[in-house]
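Have a look at coords.tsv; it's TSV, C-alpha atoms:
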```tsv
chain	number	residue	atom	x	y	z
A	1	MET	CA	14.18	9.01	3.83
A	2	LEU	CA	12.12	10.68	6.54
A	3	ILE	CA	8.43	9.78	6.37
A	4	ASN	CA	6.01	11.07	8.96
A	5	HIS	CA	3.59	8.80	10.81
A	6	ASP	CA	0.52	9.73	8.76
A	7	THR	CA	2.25	9.20	5.43
A	8	ARG	CA	3.56	5.86	6.67
A	9	CYS	CA	0.07	4.78	7.74
A	10	ALA	CA	-1.32	5.83	4.35
A	11	LEU	CA	1.45	3.93	2.53
A	12	ASP	CA	0.77	0.86	4.66
A	13	ALA	CA	-2.93	1.05	3.80
A	14	VAL	CA	-2.16	1.44	0.07
A	15	VAL	CA	0.15	-1.59	0.09
A	16	ALA	CA	-2.34	-3.66	2.07
A	17	LEU	CA	-5.13	-2.63	-0.28
A	18	VAL	CA	-3.12	-3.55	-3.39
A	19	ASN	CA	-2.24	-6.88	-1.78
A	20	THR	CA	-5.92	-7.78	-1.33
A	21	THR	CA	-6.08	-8.27	-5.08
A	22	PRO	CA	-6.77	-11.90	-5.88
A	23	ASP	CA	-3.92	-13.62	-7.63
A	24	GLY	CA	-4.48	-16.36	-10.18
A	25	ASP	CA	-5.65	-18.91	-7.63
A	26	GLY	CA	-6.03	-16.93	-4.41
A	27	PRO	CA	-9.18	-15.38	-3.02
A	28	ASP	CA	-10.08	-11.70	-3.15
A	29	GLY	CA	-9.07	-10.08	0.14
A	30	LEU	CA	-12.05	-7.77	-0.26
A	31	ALA	CA	-14.59	-10.45	-1.07
A	32	ASP	CA	-17.48	-8.71	0.68
A	33	VAL	CA	-18.48	-5.72	2.78
A	34	ASP	CA	-17.47	-7.52	5.99
A	35	ALA	CA	-13.93	-7.93	4.63
A	36	LEU	CA	-13.92	-4.22	3.81
A	37	ARG	CA	-15.01	-3.43	7.39
A	38	ARG	CA	-12.17	-5.59	8.73
A	39	PHE	CA	-9.72	-3.77	6.44
A	40	VAL	CA	-10.93	-0.39	7.75
A	41	ALA	CA	-10.69	-1.54	11.37
A	42	HIS	CA	-7.25	-3.12	10.93
A	43	HIS	CA	-5.84	0.07	9.41
A	44	ALA	CA	-7.67	2.36	11.87
A	45	ILE	CA	-9.13	4.40	9.02
A	46	SER	CA	-11.04	7.28	10.55
A	47	ASP	CA	-14.17	9.14	9.47
A	48	VAL	CA	-15.76	6.10	7.84
A	49	GLY	CA	-19.53	5.90	7.95
A	50	THR	CA	-21.70	2.89	7.24
A	51	LEU	CA	-20.17	0.72	4.53
A	52	GLU	CA	-22.30	-0.76	1.78
A	53	GLU	CA	-21.86	-2.74	-1.42
A	54	ARG	CA	-21.28	0.44	-3.45
A	55	ASP	CA	-18.34	1.27	-1.16
A	56	LEU	CA	-16.85	-2.14	-1.81
A	57	VAL	CA	-17.13	-1.64	-5.59
A	58	ALA	CA	-15.56	1.84	-5.36
A	59	VAL	CA	-12.69	0.67	-3.12
A	60	ARG	CA	-11.93	-2.18	-5.52
A	61	ALA	CA	-11.67	0.42	-8.32
A	62	VAL	CA	-9.25	2.48	-6.20
A	63	ARG	CA	-7.28	-0.71	-5.51
A	64	ALA	CA	-6.92	-1.28	-9.26
A	65	ARG	CA	-5.68	2.29	-9.78
A	66	PHE	CA	-3.09	1.91	-7.01
A	67	ALA	CA	-1.94	-1.36	-8.60
A	68	GLU	CA	-1.46	0.54	-11.87
A	69	VAL	CA	0.80	3.02	-10.05
A	70	PHE	CA	2.98	0.16	-8.78
A	71	ALA	CA	3.11	-1.26	-12.32
A	72	ALA	CA	3.77	2.07	-14.05
A	73	PRO	CA	6.76	1.86	-16.40
A	74	ASP	CA	8.15	5.23	-15.32
A	75	THR	CA	7.63	8.17	-12.99
A	76	ARG	CA	5.79	10.22	-15.61
A	77	ARG	CA	3.10	7.55	-15.99
A	78	ALA	CA	2.87	7.04	-12.22
A	79	ALA	CA	2.45	10.81	-11.79
A	80	GLU	CA	-0.32	10.91	-14.41
A	81	LEU	CA	-2.16	8.10	-12.63
A	82	LEU	CA	-1.77	9.71	-9.21
A	83	ASN	CA	-2.78	13.16	-10.45
A	84	ALA	CA	-5.97	11.75	-11.94
A	85	MET	CA	-6.76	9.70	-8.82
A	86	VAL	CA	-6.17	12.54	-6.36
A	87	ALA	CA	-8.14	15.01	-8.50
A	88	ALA	CA	-11.09	12.61	-8.84
A	89	ALA	CA	-11.14	12.12	-5.07
A	90	GLY	CA	-11.82	15.82	-4.54
A	91	THR	CA	-8.75	16.37	-2.41
A	92	THR	CA	-9.34	18.89	0.37
A	93	PRO	CA	-6.30	19.23	2.64
A	94	ARG	CA	-7.22	20.05	6.22
A	95	LEU	CA	-5.37	20.08	9.51
A	96	THR	CA	-6.96	17.90	12.19
A	97	ASP	CA	-6.35	16.26	15.54
A	98	HIS	CA	-8.52	13.33	16.52
A	99	ASP	CA	-8.53	10.05	18.37
A	100	GLY	CA	-5.53	11.06	20.50
A	101	TYR	CA	-3.31	11.85	17.51
A	102	ASP	CA	-1.44	15.13	17.30
A	103	TRP	CA	-2.08	17.62	14.49
A	104	HIS	CA	-1.82	16.11	11.05
A	105	VAL	CA	-3.19	16.62	7.55
A	106	HIS	CA	-6.06	14.69	5.99
A	107	TYR	CA	-6.42	15.10	2.26
A	108	PHE	CA	-9.97	13.81	1.89
A	109	ALA	CA	-12.99	16.08	2.22
A	110	PRO	CA	-15.15	15.81	5.34
A	111	GLY	CA	-17.84	13.21	4.70
A	112	ALA	CA	-15.92	11.69	1.78
A	113	SER	CA	-16.59	8.11	0.80
A	114	LEU	CA	-14.10	5.46	1.89
A	115	ALA	CA	-12.86	5.15	-1.70
A	116	ASP	CA	-12.21	8.90	-1.94
A	117	HIS	CA	-10.58	8.83	1.50
A	118	LEU	CA	-8.19	6.07	0.43
A	119	ALA	CA	-7.53	7.65	-2.98
A	120	ALA	CA	-6.80	11.08	-1.49
A	121	ASP	CA	-4.66	10.10	1.52
A	122	GLY	CA	-2.98	7.13	-0.14
A	123	GLY	CA	-2.54	9.00	-3.40
A	124	MET	CA	-0.89	11.92	-1.63
A	125	ALA	CA	1.43	9.57	0.27
A	126	LEU	CA	2.55	8.13	-3.07
A	127	VAL	CA	2.84	11.64	-4.52
A	128	PHE	CA	5.29	12.51	-1.73
A	129	LEU	CA	7.45	9.52	-2.69
A	130	LEU	CA	7.48	10.52	-6.35
A	131	GLU	CA	8.16	14.15	-5.50
A	132	ALA	CA	11.19	13.05	-3.46
A	133	GLY	CA	12.51	11.09	-6.44
A	134	GLU	CA	11.82	7.81	-4.66
A	135	ARG	CA	9.51	6.01	-7.11
A	136	GLY	CA	11.99	3.12	-7.08
A	137	ARG	CA	10.85	2.34	-3.55
A	138	LEU	CA	7.52	1.08	-4.94
A	139	ARG	CA	8.23	-2.57	-5.52
A	140	ARG	CA	6.84	-6.05	-5.99
A	141	CYS	CA	8.20	-9.01	-4.04
A	142	GLU	CA	10.87	-10.90	-5.99
A	143	ALA	CA	9.82	-14.29	-4.63
A	144	PRO	CA	8.65	-16.26	-7.68
A	145	ASP	CA	5.38	-17.34	-6.07
A	146	CYS	CA	4.51	-14.03	-4.39
A	147	GLY	CA	4.51	-10.68	-6.19
A	148	TYR	CA	3.00	-8.69	-3.29
A	149	ALA	CA	3.46	-4.94	-3.41
A	150	PHE	CA	5.58	-3.16	-0.80
A	151	VAL	CA	7.31	0.16	-0.22
A	152	ASP	CA	11.03	-0.28	0.39
A	153	LEU	CA	11.81	2.06	3.26
A	154	SER	CA	15.20	0.52	3.96
A	155	ARG	CA	18.05	2.98	4.23
A	156	ASN	CA	19.95	1.58	1.24
A	157	ARG	CA	16.90	0.69	-0.90
A	158	SER	CA	17.93	-2.97	-1.01
A	159	ARG	CA	14.78	-4.76	0.10
A	160	ARG	CA	13.72	-7.47	-2.34
A	161	TYR	CA	10.92	-9.30	-0.57
A	162	CYS	CA	7.59	-8.24	0.89
A	163	ASP	CA	8.59	-9.95	4.12
A	164	SER	CA	12.08	-11.21	4.81
A	165	ARG	CA	10.77	-13.66	7.44
A	166	THR	CA	8.57	-15.47	4.94
A	167	CYS	CA	9.42	-14.92	1.28
A	168	GLY	CA	13.06	-13.98	1.79
A	169	ASN	CA	13.76	-16.71	4.31
A	170	ARG	CA	11.96	-19.35	2.21
A	171	LEU	CA	14.13	-18.54	-0.82
A	172	HIS	CA	17.33	-18.44	1.22
A	173	VAL	CA	16.54	-21.82	2.80
A	174	ALA	CA	15.73	-23.30	-0.62
A	175	ALA	CA	19.03	-22.01	-2.02
A	176	TYR	CA	20.92	-23.38	0.98
A	177	ARG	CA	19.32	-26.82	0.59
A	178	ALA	CA	20.07	-26.83	-3.13
A	179	ARG	CA	23.75	-26.06	-2.42
A	180	ARG	CA	23.88	-28.84	0.18
A	181	ARG	CA	22.32	-31.35	-2.25
A	182	GLU	CA	24.79	-30.31	-4.94
A	183	ALA	CA	27.75	-30.60	-2.55
A	184	ALA	CA	26.56	-34.00	-1.35
A	185	GLY	CA	26.56	-35.21	-4.75
```
Could the structure of this file be written out as structure tokens, please?
Amino acid sequence: MLINHDTRCALDAVVALVNTTPDGDGPDGLADVDALRRFVAHHAISDVGTLEERDLVAVRAVRARFAEVFAAPDTRRAAELLNAMVAAAGTTPRLTDHDGYDWHVHYFAPGASLADHLAADGGMALVFLLEAGERGRLRRCEAPDCGYAFVDLSRNRSRRYCDSRTCGNRLHVAAYRARRREAAG
């Protein structure tokens, strides 16, 4: 599947945003406005003004809607969720070149809030996956103690873990040790 740079960046931001959700015993990755600023800086999100508490609340709401898309039971429900999110964000496609990047499309309106920016660009990136019949690429890590969201961009759609170096490797090592213990007796 061919995904352009901007769509990939938007998908990465969506996944990272969903994965800031606190699990049962973990902290919220967007605990405060400073954490939101770090998120914006890490993902090089452009056209972001001064961030305040209301932005944090709105981005957390967008995060919850993206999590619903990953959990949707079928493409129809995922499409309904994305259509509502993108429409509420006031999507305004525009061609732009900035910060040394070549021409590309932004889907958020000029001056949009960070939440609308994320909902529009991230929502459209997910729309492109659904439109291509690739909803199955939206996954959750299969490691029992993880559950992070990820987009499987592998050629054969076989990725099972959010990160093969951590979750995948940990499970493979555990299985190997279990086989060795069983063989030893």
May I have the residues within 12 Å of Val18 of chain A as a compact mmCIF listing (two decimals) with C-alpha atoms, in the frame of the given file, using only C-alpha atoms and disregarding those fewer than 3 positions away in the same chain?
```
# COMPACT_ATOMS: atom_id res chain seq x y z
CA LEU A 11 1.45 3.93 2.53
CA ASP A 12 0.77 0.86 4.66
CA ALA A 13 -2.93 1.05 3.80
CA VAL A 14 -2.16 1.44 0.07
CA VAL A 15 0.15 -1.59 0.09
CA THR A 21 -6.08 -8.27 -5.08
CA PRO A 22 -6.77 -11.90 -5.88
CA ASP A 23 -3.92 -13.62 -7.63
CA ASP A 28 -10.08 -11.70 -3.15
CA GLY A 29 -9.07 -10.08 0.14
CA LEU A 30 -12.05 -7.77 -0.26
CA PHE A 39 -9.72 -3.77 6.44
CA VAL A 59 -12.69 0.67 -3.12
CA ARG A 60 -11.93 -2.18 -5.52
CA ALA A 61 -11.67 0.42 -8.32
CA VAL A 62 -9.25 2.48 -6.20
CA ARG A 63 -7.28 -0.71 -5.51
CA ALA A 64 -6.92 -1.28 -9.26
CA ARG A 65 -5.68 2.29 -9.78
CA PHE A 66 -3.09 1.91 -7.01
CA ALA A 67 -1.94 -1.36 -8.60
CA GLU A 68 -1.46 0.54 -11.87
CA VAL A 69 0.80 3.02 -10.05
CA PHE A 70 2.98 0.16 -8.78
CA ALA A 71 3.11 -1.26 -12.32
CA LEU A 118 -8.19 6.07 0.43
CA GLY A 122 -2.98 7.13 -0.14
CA LEU A 138 7.52 1.08 -4.94
CA ARG A 139 8.23 -2.57 -5.52
CA ARG A 140 6.84 -6.05 -5.99
CA GLY A 147 4.51 -10.68 -6.19
CA TYR A 148 3.00 -8.69 -3.29
CA ALA A 149 3.46 -4.94 -3.41
CA PHE A 150 5.58 -3.16 -0.80
CA VAL A 151 7.31 0.16 -0.22
```
Exercise. What separation in Å, quoted to one decimal, exists between atom CA of Ala72 of chain A and atom CA of Arg160 of chain A?
Worked result: 18.1 Å
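Atom to atom, atom CA of Ala44 of chain A and atom CA of Ala120 of chain A stand 16.0 Å apart.
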Exercise. Can you list, as a ChimeraX atom specification, every protein, DNA or RNA residue that comes within 9 Å of Met124 of chain A when you count all atoms listed in the file, leaving out same-chain residues fewer than 2 positions away?
Worked result: /A:7,10,82,86,107,119-122,126-129
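Between atom CA of Val40 of chain A and atom CA of Ala109 of chain A the interatomic distance comes to 17.5 Å.
Candidate residues A:Pro27, A:Gly90, A:Gly136, A:Gly111 were compared for distance to Pro73 of chain A, and the nearest is A:Gly136, using only C-alpha atoms.
Nearest residue to Met85 of chain A among A:Val48, A:Arg179, A:Gly123, A:Arg54 is A:Gly123, counting only C-alpha atoms.
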Exercise. Using only C-alpha atoms, which of A:Asp34, A:Ala16, A:Glu131, A:Cys167 sits nearest Pro144 of chain A?
Worked result: A:Cys167
Seminar exercise, completed: Of A:Leu95, A:Ala89, A:Ala143, A:Leu153, the one nearest to Asp116 of chain A when counting only C-alpha atoms is A:Ala89
Exercise. Contacts of Asp32 of chain A at 9 Å or less, counting only C-alpha atoms, minus same-chain residues fewer than 5 places along, as a list in words?
Worked result: Arg37, Glu53 and Leu56 of chain A
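Comparing A:Ala183, A:Cys162, A:Ala178, A:Leu130 by their smallest distance to Ala78 of chain A, the closest is A:Leu130 (using only C-alpha atoms).
When all atoms listed in the file are used to compute distances to Ala125 of chain A, the closest of the residues A:Ala58, A:Ala35, A:Ala88, A:Ile3 turns out to be A:Ile3.
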Exercise. Which polymer residues have any atom within 12 Å of an atom of His98 of chain A, counting all atoms listed in the file, with same-chain residues fewer than 3 positions away left out, as a PyMOL selection string?
Worked result: chain A and resi 44-47+95+101-106
